[in-house]
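upload_21.txt, holding compact mmCIF, C-alpha atoms and all ligand atoms:
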# COMPACT_ATOMS: atom_id res chain seq x y z
CA MET A 1 89.60 129.32 97.22
CA ARG A 2 86.50 127.24 96.58
CA GLN A 3 83.87 126.58 99.19
CA ASP A 4 84.08 123.28 100.99
CA THR A 5 80.48 122.07 101.05
CA LYS A 6 81.07 118.67 102.56
CA MET A 7 78.28 116.66 104.17
CA PRO A 8 77.07 118.36 107.35
CA THR A 9 78.57 116.90 110.48
CA ALA A 10 75.33 115.28 111.71
CA GLU A 11 74.79 113.48 108.40
CA ALA A 12 78.41 112.41 108.28
CA ARG A 13 78.03 111.06 111.80
CA ASP A 14 74.96 109.06 110.71
CA PHE A 15 76.97 107.53 107.94
CA ALA A 16 79.79 106.81 110.34
CA THR A 17 77.59 104.85 112.71
CA GLU A 18 75.32 103.15 110.20
CA GLY A 19 76.21 99.53 109.64
CA ALA A 20 78.83 99.54 112.37
CA SER A 21 79.88 96.06 113.38
CA PRO A 22 78.26 94.83 116.60
CA SER A 23 81.69 94.49 118.13
CA GLY A 24 82.70 98.05 117.22
CA THR A 25 86.27 98.11 116.00
CA GLY A 26 86.69 94.35 115.87
CA ALA A 27 89.37 92.50 113.96
CA ILE A 28 87.43 92.64 110.70
CA GLY A 29 85.94 95.94 109.59
CA ALA A 30 87.79 98.69 111.43
CA ALA A 31 86.22 102.15 111.22
CA ILE A 32 88.18 104.90 109.46
CA SER A 33 88.43 108.43 110.76
CA ILE A 34 90.28 111.17 108.87
CA ARG A 35 90.46 114.63 110.37
CA GLY A 36 92.02 117.80 109.08
CA LEU A 37 94.22 115.95 106.62
CA SER A 38 96.62 117.99 104.49
CA HIS A 39 99.44 116.72 102.31
CA SER A 40 101.95 118.17 99.88
CA TYR A 41 104.69 116.90 97.61
CA GLY A 42 107.20 119.72 97.98
CA ASP A 43 105.34 122.85 96.83
CA LEU A 44 102.48 120.86 95.32
CA GLN A 45 99.59 120.75 97.77
CA THR A 46 97.47 117.68 96.99
CA ILE A 47 95.09 117.44 99.97
CA GLU A 48 93.75 120.28 102.08
CA ARG A 49 91.96 119.99 105.43
CA LEU A 50 90.05 116.89 104.42
CA ASP A 51 87.64 115.16 106.83
CA LEU A 52 86.10 111.76 106.14
CA THR A 53 84.58 109.02 108.24
CA VAL A 54 83.73 105.44 107.30
CA ALA A 55 81.90 103.10 109.65
CA ALA A 56 83.26 99.66 110.37
CA HIS A 57 81.92 97.61 107.42
CA GLY A 58 81.01 100.83 105.58
CA VAL A 59 81.93 101.25 101.92
CA LEU A 60 82.95 104.74 100.86
CA GLY A 61 83.51 105.76 97.23
CA LEU A 62 85.89 108.54 96.22
CA VAL A 63 85.42 110.28 92.91
CA GLY A 64 87.21 113.39 91.72
CA PRO A 65 89.12 114.90 88.82
CA SER A 66 92.30 113.23 87.61
CA GLY A 67 95.31 114.38 89.61
CA CYS A 68 93.28 115.72 92.55
CA GLY A 69 94.95 113.43 95.09
CA LYS A 70 92.80 110.26 95.31
CA SER A 71 95.69 107.79 95.08
CA THR A 72 97.68 109.93 97.51
CA LEU A 73 94.76 109.74 99.95
CA LEU A 74 94.64 105.92 99.68
CA GLU A 75 98.40 105.70 100.25
CA LEU A 76 98.01 107.85 103.35
CA ILE A 77 95.14 105.70 104.63
CA ALA A 78 97.10 102.51 103.98
CA GLY A 79 100.09 103.84 105.93
CA LEU A 80 102.42 104.03 102.92
CA GLN A 81 102.94 107.73 103.52
CA GLU A 82 102.72 110.00 106.54
CA PRO A 83 100.49 113.05 106.17
CA GLU A 84 101.93 116.52 106.50
CA SER A 85 99.24 117.32 109.05
CA GLY A 86 96.00 115.86 110.36
CA ALA A 87 95.04 112.49 111.79
CA ILE A 88 94.09 109.14 110.24
CA GLU A 89 92.77 106.28 112.35
CA LEU A 90 91.94 102.75 111.23
CA GLY A 91 90.22 101.22 114.21
CA ASP A 92 92.68 101.83 117.02
CA ALA A 93 95.68 102.20 114.69
CA ARG A 94 97.07 105.71 114.22
CA ASP A 95 100.65 105.24 113.15
CA PRO A 96 101.56 104.18 109.57
CA HIS A 97 102.75 100.73 110.65
CA GLY A 98 99.45 99.96 112.40
CA ARG A 99 97.45 101.26 109.43
CA LEU A 100 99.46 99.14 107.00
CA ASP A 101 98.81 96.13 109.19
CA ARG A 102 95.03 96.57 108.98
CA CYS A 103 94.76 97.51 105.34
CA ALA A 104 94.94 95.59 102.08
CA TYR A 105 95.86 98.12 99.42
CA MET A 106 95.32 97.59 95.72
CA PRO A 107 97.39 100.22 93.90
CA GLN A 108 96.31 101.81 90.64
CA ARG A 109 99.11 99.97 88.84
CA ASP A 110 98.88 96.25 89.43
CA LEU A 111 102.49 95.79 90.61
CA LEU A 112 102.48 92.05 90.02
CA LEU A 113 105.85 90.41 90.54
CA PRO A 114 107.02 89.42 87.04
CA TRP A 115 108.97 86.37 88.23
CA LEU A 116 105.95 84.78 89.94
CA SER A 117 103.07 82.95 88.24
CA ALA A 118 99.54 84.38 88.37
CA ILE A 119 98.56 82.06 91.19
CA ASP A 120 101.67 82.79 93.26
CA ASN A 121 101.10 86.52 92.78
CA ALA A 122 97.51 86.08 93.95
CA ALA A 123 98.67 84.04 96.94
CA LEU A 124 101.41 86.49 97.95
CA ALA A 125 99.61 88.02 100.93
CA LEU A 126 98.80 84.56 102.28
CA ARG A 127 102.44 83.47 101.89
CA ASN A 128 103.53 86.66 103.69
CA ARG A 129 101.28 85.64 106.56
CA GLY A 130 103.10 82.33 106.78
CA VAL A 131 100.53 80.14 104.97
CA ARG A 132 102.25 77.20 103.28
CA ARG A 133 102.59 77.35 99.49
CA ALA A 134 100.15 74.51 98.68
CA GLN A 135 97.47 75.89 101.00
CA ALA A 136 97.97 79.47 99.74
CA ARG A 137 97.65 78.27 96.14
CA ARG A 138 94.49 76.35 97.01
CA GLU A 139 92.87 79.37 98.68
CA ALA A 140 93.76 81.86 95.96
CA GLY A 141 93.13 79.30 93.21
CA SER A 142 89.56 78.69 94.39
CA LEU A 143 88.68 82.16 93.06
CA PHE A 144 90.44 81.92 89.69
CA GLU A 145 87.49 80.47 87.81
CA ARG A 146 85.08 83.06 89.16
CA PHE A 147 87.47 85.86 88.23
CA GLY A 148 87.67 84.60 84.63
CA LEU A 149 91.25 83.47 85.18
CA GLY A 150 90.68 79.71 85.07
CA GLY A 151 93.49 77.98 83.17
CA PHE A 152 95.90 80.89 83.68
CA GLU A 153 97.16 79.85 87.10
CA SER A 154 100.68 79.15 85.83
CA ALA A 155 100.89 82.08 83.41
CA SER A 156 103.42 84.80 84.13
CA PRO A 157 102.13 88.40 84.38
CA ALA A 158 103.69 89.13 80.96
CA GLU A 159 101.38 86.51 79.44
CA LEU A 160 98.21 88.15 80.84
CA SER A 161 96.15 90.99 79.39
CA GLY A 162 95.89 94.27 81.34
CA GLY A 163 92.42 93.35 82.60
CA MET A 164 93.57 89.90 83.69
CA ARG A 165 96.52 91.38 85.56
CA GLN A 166 94.14 93.72 87.30
CA ARG A 167 91.93 90.83 88.35
CA VAL A 168 94.94 88.94 89.75
CA ALA A 169 95.91 92.06 91.73
CA PHE A 170 92.34 92.42 92.98
CA LEU A 171 92.24 88.78 94.01
CA ARG A 172 95.54 89.21 95.86
CA THR A 173 94.04 92.14 97.78
CA LEU A 174 90.90 90.21 98.74
CA VAL A 175 92.59 87.06 99.99
CA ALA A 176 94.78 89.13 102.33
CA GLU A 177 91.76 89.12 104.71
CA LYS A 178 92.45 92.55 106.18
CA PRO A 179 89.66 94.56 107.84
CA VAL A 180 90.14 97.50 105.51
CA LEU A 181 90.34 97.37 101.71
CA ALA A 182 91.78 100.40 99.90
CA LEU A 183 90.99 99.87 96.23
CA ASP A 184 92.39 102.23 93.60
CA GLU A 185 90.33 101.94 90.41
CA PRO A 186 90.18 98.13 90.71
CA PHE A 187 88.12 97.65 87.55
CA ALA A 188 89.56 100.40 85.38
CA SER A 189 90.98 98.23 82.61
CA LEU A 190 88.02 95.88 82.23
CA ASP A 191 85.48 95.87 79.41
CA ALA A 192 81.97 97.05 80.33
CA ILE A 193 80.44 93.57 80.67
CA THR A 194 83.27 92.13 82.76
CA ARG A 195 83.31 95.29 84.83
CA ALA A 196 79.60 94.99 85.66
CA GLU A 197 80.10 91.30 86.50
CA MET A 198 83.01 92.10 88.81
CA GLN A 199 80.96 94.82 90.49
CA GLU A 200 78.14 92.34 91.09
CA TRP A 201 80.62 89.81 92.39
CA LEU A 202 82.21 92.32 94.78
CA ALA A 203 78.76 93.45 95.95
CA GLY A 204 77.88 89.82 96.77
CA ALA A 205 81.26 89.21 98.43
CA LEU A 206 80.81 92.27 100.66
CA ARG A 207 77.26 91.24 101.54
CA ALA A 208 78.57 87.85 102.61
CA ASP A 209 81.82 89.06 104.21
CA PRO A 210 81.55 92.76 105.06
CA ARG A 211 84.75 94.80 105.21
CA THR A 212 85.47 98.46 105.50
CA VAL A 213 86.25 99.66 101.99
CA VAL A 214 87.51 102.86 100.42
CA LEU A 215 87.02 102.63 96.67
CA VAL A 216 88.52 105.11 94.22
CA THR A 217 86.90 105.17 90.80
CA HIS A 218 86.19 107.52 87.91
CA ASP A 219 82.91 105.68 87.32
CA VAL A 220 80.16 107.41 89.30
CA GLU A 221 77.67 104.61 88.60
CA GLU A 222 80.13 102.02 89.93
CA ALA A 223 80.72 104.11 93.07
CA LEU A 224 77.00 104.58 93.75
CA TYR A 225 76.23 100.91 93.14
CA LEU A 226 79.01 99.50 95.33
CA CYS A 227 79.23 102.09 98.10
CA ASP A 228 77.06 103.28 100.98
CA ALA A 229 78.13 106.84 100.27
CA VAL A 230 80.26 108.63 97.70
CA ALA A 231 82.50 111.60 98.46
CA VAL A 232 82.98 113.95 95.52
CA LEU A 233 86.43 115.49 95.78
CA SER A 234 87.46 118.87 94.42
CA ALA A 235 90.29 119.44 92.00
CA ARG A 236 93.73 119.62 93.67
CA PRO A 237 94.17 120.26 96.51
CA ALA A 238 91.45 117.74 97.27
CA CYS A 239 88.76 118.48 99.81
CA VAL A 240 85.28 116.97 100.06
CA LEU A 241 82.84 118.97 97.92
CA GLU A 242 79.82 116.83 98.62
CA GLN A 243 79.01 113.47 100.15
CA LEU A 244 76.06 111.58 98.67
CA ARG A 245 74.27 108.63 100.13
CA ALA A 246 73.71 105.76 97.67
CA PRO A 247 70.05 104.68 97.32
CA SER A 248 70.54 100.88 97.21
CA PRO A 249 74.11 99.86 97.98
CA ARG A 250 75.22 96.48 96.60
CA ALA A 251 71.71 95.45 95.54
CA ALA A 252 71.48 91.86 94.29
CA ASN A 253 70.02 93.03 90.98
CA ARG A 254 72.55 95.57 89.70
CA ASN A 255 70.71 96.43 86.55
CA ALA A 256 67.46 97.21 88.37
CA ALA A 257 69.36 99.23 90.99
CA VAL A 258 71.29 101.46 88.58
CA THR A 259 68.28 102.21 86.38
CA ALA A 260 65.92 103.13 89.26
CA GLN A 261 64.82 106.76 89.23
CA GLU A 262 66.30 107.54 92.63
CA PHE A 263 69.68 106.16 91.55
CA VAL A 264 69.65 108.19 88.34
CA THR A 265 68.82 111.36 90.31
CA VAL A 266 71.72 110.84 92.76
CA ARG A 267 74.05 109.99 89.88
CA GLU A 268 73.15 113.26 88.15
CA ARG A 269 73.79 115.16 91.35
CA ALA A 270 77.21 113.55 91.72
CA MET A 271 78.04 114.36 88.09
CA ARG A 272 77.02 117.97 88.62
CA ALA A 273 79.22 118.23 91.73
CA LEU A 274 82.12 116.71 89.78
CA ARG A 275 81.67 119.16 86.91
CA GLU A 276 81.40 122.13 89.24
CA GLY A 277 84.45 120.97 91.21
CA ALA A 278 86.51 120.52 88.07
CA SER A 279 85.53 123.92 86.65
CA ALA A 280 86.21 125.75 89.94
CA THR A 281 89.99 125.41 89.44
N1 LIG B 1 105.28 110.58 94.73
C1 LIG B 1 104.92 111.77 94.22
N2 LIG B 1 105.81 112.79 94.16
C2 LIG B 1 105.45 113.99 93.69
N3 LIG B 1 104.22 114.30 93.21
C3 LIG B 1 103.31 113.30 93.24
C4 LIG B 1 103.61 111.99 93.74
N4 LIG B 1 102.50 111.24 93.64
C5 LIG B 1 101.56 112.03 93.10
N5 LIG B 1 102.03 113.26 92.86
C6 LIG B 1 101.28 114.40 92.33
O1 LIG B 1 100.21 114.65 93.23
C7 LIG B 1 99.01 114.94 92.52
C8 LIG B 1 97.94 113.96 92.92
O2 LIG B 1 98.30 112.69 92.41
P1 LIG B 1 97.39 111.41 92.65
O3 LIG B 1 98.08 110.27 92.00
O4 LIG B 1 97.08 111.30 94.10
O5 LIG B 1 96.07 111.84 91.86
P2 LIG B 1 94.76 110.99 91.49
O6 LIG B 1 93.58 111.77 91.98
O7 LIG B 1 94.90 109.60 91.97
O8 LIG B 1 94.77 111.03 89.90
P3 LIG B 1 94.20 109.94 88.83
O9 LIG B 1 92.70 110.05 88.87
O10 LIG B 1 94.75 110.42 87.53
O11 LIG B 1 94.71 108.60 89.23
C9 LIG B 1 99.37 114.92 91.04
O12 LIG B 1 99.60 116.23 90.61
C10 LIG B 1 100.64 114.10 90.97
O13 LIG B 1 101.48 114.56 89.93
MG MG B 2 95.08 107.79 91.04
For the file at hand, write its structure as structure tokens.
Amino acid sequence: MRQDTKMPTAEARDFATEGASPSGTGAIGAAISIRGLSHSYGDLQTIERLDLTVAAHGVLGLVGPSGCGKSTLLELIAGLQEPESGAIELGDARDPHGRLDRCAYMPQRDLLLPWLSAIDNAALALRNRGVRRAQARREAGSLFERFGLGGFESASPAELSGGMRQRVAFLRTLVAEKPVLALDEPFASLDAITRAEMQEWLAGALRADPRTVVLVTHDVEEALYLCDAVAVLSARPACVLEQLRAPSPRAANRNAAVTAQEFVTVRERAMRALREGASAT
């Protein structure tokens, strides 16, 4: 069994309180607390005694080897599954129904509804909240141009590229206006330039409208640019190997931020933890 060298409690507590919303667990930006979480699929243990805390309006990145349990962890946070043991709280919500209510979840696969147009897919969460079709289309449509989807409002998912589908799914998650965003590799199928642009856009959006975010990615640079802290997970069953604080979260100038010496040093440390975690299996 490998050593669990997660961030010391005091440092984790600092992260948990830093950037907390003035109103504490208000409607937007609920804090997340995960304690002693374990989960299995039959005999396959995917998560083992995992502890994580995210402040209200904090952004936490999760990186870890493929198959270690990252998507499972997001599904547990979002209330789509019940953990075998341990506790998950989103603000004051503990049960799966309450967690689902507070969380907008973007799954790894885009899960667009094939019979709806791009704009109606994007507006789905608004429609579910009872917003009228024209208003929902207006709200979701206002972001289409910025997301590089202008002109594709009426296209069906089958007529979109993988990256475009992903952007529609991302847009759908954002317009849901939930306090917690659980994002599973939201930019995975984008080319490098578009990906950097989307990261900059999300950084700006979170500066303007802070939410509590858990972001799963295989891209360490993306995690360290967008997040306040990044948890490096072990190979399955996932536990936190190390938690690293990002030097300049969501800086306006992405290029300057990711090339700064301090950023490069933290990135190397995260890569080393990832390599060691993967080879410890
Ligand atoms: N519904 C399920 N039933 C049974 N096993 C599952 C289920 N979902 C995931 N698993 C298994 O649990 C493990 C963790 O899967 P998960 O999708 O959480 O990994 P991941 O870290 O998100 O991987 P990746 O980086 O490749 O997306 C894998 O071995 C996977 O096969
Ligand atoms: Mg996954």
- Task: Please give me, as number ranges by chain, the residues lying within 10 Å of ligand LIG 1 (chain B) when counting all atoms listed in the file.
- Result: A: 39-47, 62-76, 81, 107-109, 184-185, 216-218, 233-238
- A:Ala256, A:Ala158, A:Ala229, A:Ala134 ranked by distance to Ala118 in chain A, top pick (using only C-alpha atoms): A:Ala158
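The coordinates place CA of Asp120 in chain A at 25.5 Å from CA of Glu200 in chain A.
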- Go through A:Leu215, A:Met271, A:Leu50, A:Val258 one by one, measure the shortest atom-to-atom distance of each to ligand MG 2 (chain B) using all atoms listed in the file, and give the residue with the smallest value. A:Leu215
- Would you list the contacts of range 151-153 of chain A as a ChimeraX atom specification, taking every protein, DNA or RNA residue within 10 Å and counting all atoms listed in the file, but skipping same-chain residues closer than 5 positions in sequence? /A:117-122,137,140-141,144-145,159-160,164,168
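Reported to one decimal place, the separation of CA of Leu80 in chain A from CA of Ser33 in chain A is 16.6 Å.
Using all atoms listed in the file, the nearest neighbour of Ser189 in chain A within the list A:Pro96, A:Arg211, A:Gln166, A:Ala176 is A:Gln166.
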- Item | Expected answer as a ChimeraX atom specification: all residues with atoms within 10 Å of (85.8, 84.7, 87.1), only C-alpha atoms | /A:143-150,164,167,194,197-198,201
- Message: Report as number ranges by chain all protein, DNA and RNA residues lying within 10 Å of Val175 in chain A, evaluated on only C-alpha atoms, omitting residues in the same chain fewer than 6 positions from it.
- Response: A: 104, 122-126, 136, 139-140, 143
- Task: Name the closest residue to Ala257 in chain A among the candidates A:Glu222, A:Glu177, A:Asp101, A:Asp191; distances are taken between atoms, counting all atoms listed in the file.
- Result: A:Glu222
- Message: For a quick check of understanding, using only C-alpha atoms, which of A:Val131, A:Val232, A:Ala196, A:Ala203 has the smallest distance to Glu276 in chain A?
- Response: A:Val232
Report as a short mmCIF file (atom, residue, chain, number, x, y, z; two decimals) with C-alpha atoms, in the frame of the given file all protein, DNA and RNA residues lying within 8 Å of range 240-253 of chain A, evaluated on all atoms listed in the file, omitting residues in the same chain fewer than 6 positions from it.
data_model
loop_
_atom_site.label_atom_id
_atom_site.label_comp_id
_atom_site.auth_asym_id
_atom_site.auth_seq_id
_atom_site.Cartn_x
_atom_site.Cartn_y
_atom_site.Cartn_z
CA GLN A 3 83.87 126.58 99.19
CA ASP A 4 84.08 123.28 100.99
CA THR A 5 80.48 122.07 101.05
CA LYS A 6 81.07 118.67 102.56
CA MET A 7 78.28 116.66 104.17
CA LEU A 50 90.05 116.89 104.42
CA ASP A 51 87.64 115.16 106.83
CA GLU A 200 78.14 92.34 91.09
CA ALA A 203 78.76 93.45 95.95
CA GLY A 204 77.88 89.82 96.77
CA ARG A 207 77.26 91.24 101.54
CA LEU A 224 77.00 104.58 93.75
CA TYR A 225 76.23 100.91 93.14
CA LEU A 226 79.01 99.50 95.33
CA CYS A 227 79.23 102.09 98.10
CA ASP A 228 77.06 103.28 100.98
CA ALA A 229 78.13 106.84 100.27
CA VAL A 230 80.26 108.63 97.70
CA ALA A 231 82.50 111.60 98.46
CA VAL A 232 82.98 113.95 95.52
CA LEU A 233 86.43 115.49 95.78
CA SER A 234 87.46 118.87 94.42
CA GLU A 262 66.30 107.54 92.63
CA PHE A 263 69.68 106.16 91.55
CA VAL A 266 71.72 110.84 92.76
CA ALA A 270 77.21 113.55 91.72
CA ALA A 273 79.22 118.23 91.73
CA GLY A 277 84.45 120.97 91.21
#
What box, with edges along x, y and z, holds each listed atom of range 271-277 of chain A when 8 Å is added on every side, and can you state its centre and edge lengths in Å to one decimal, as JSON?
{"center_x": 80.7, "center_y": 118.2, "center_z": 89.3, "size_x": 23.4, "size_y": 23.8, "size_z": 20.8}
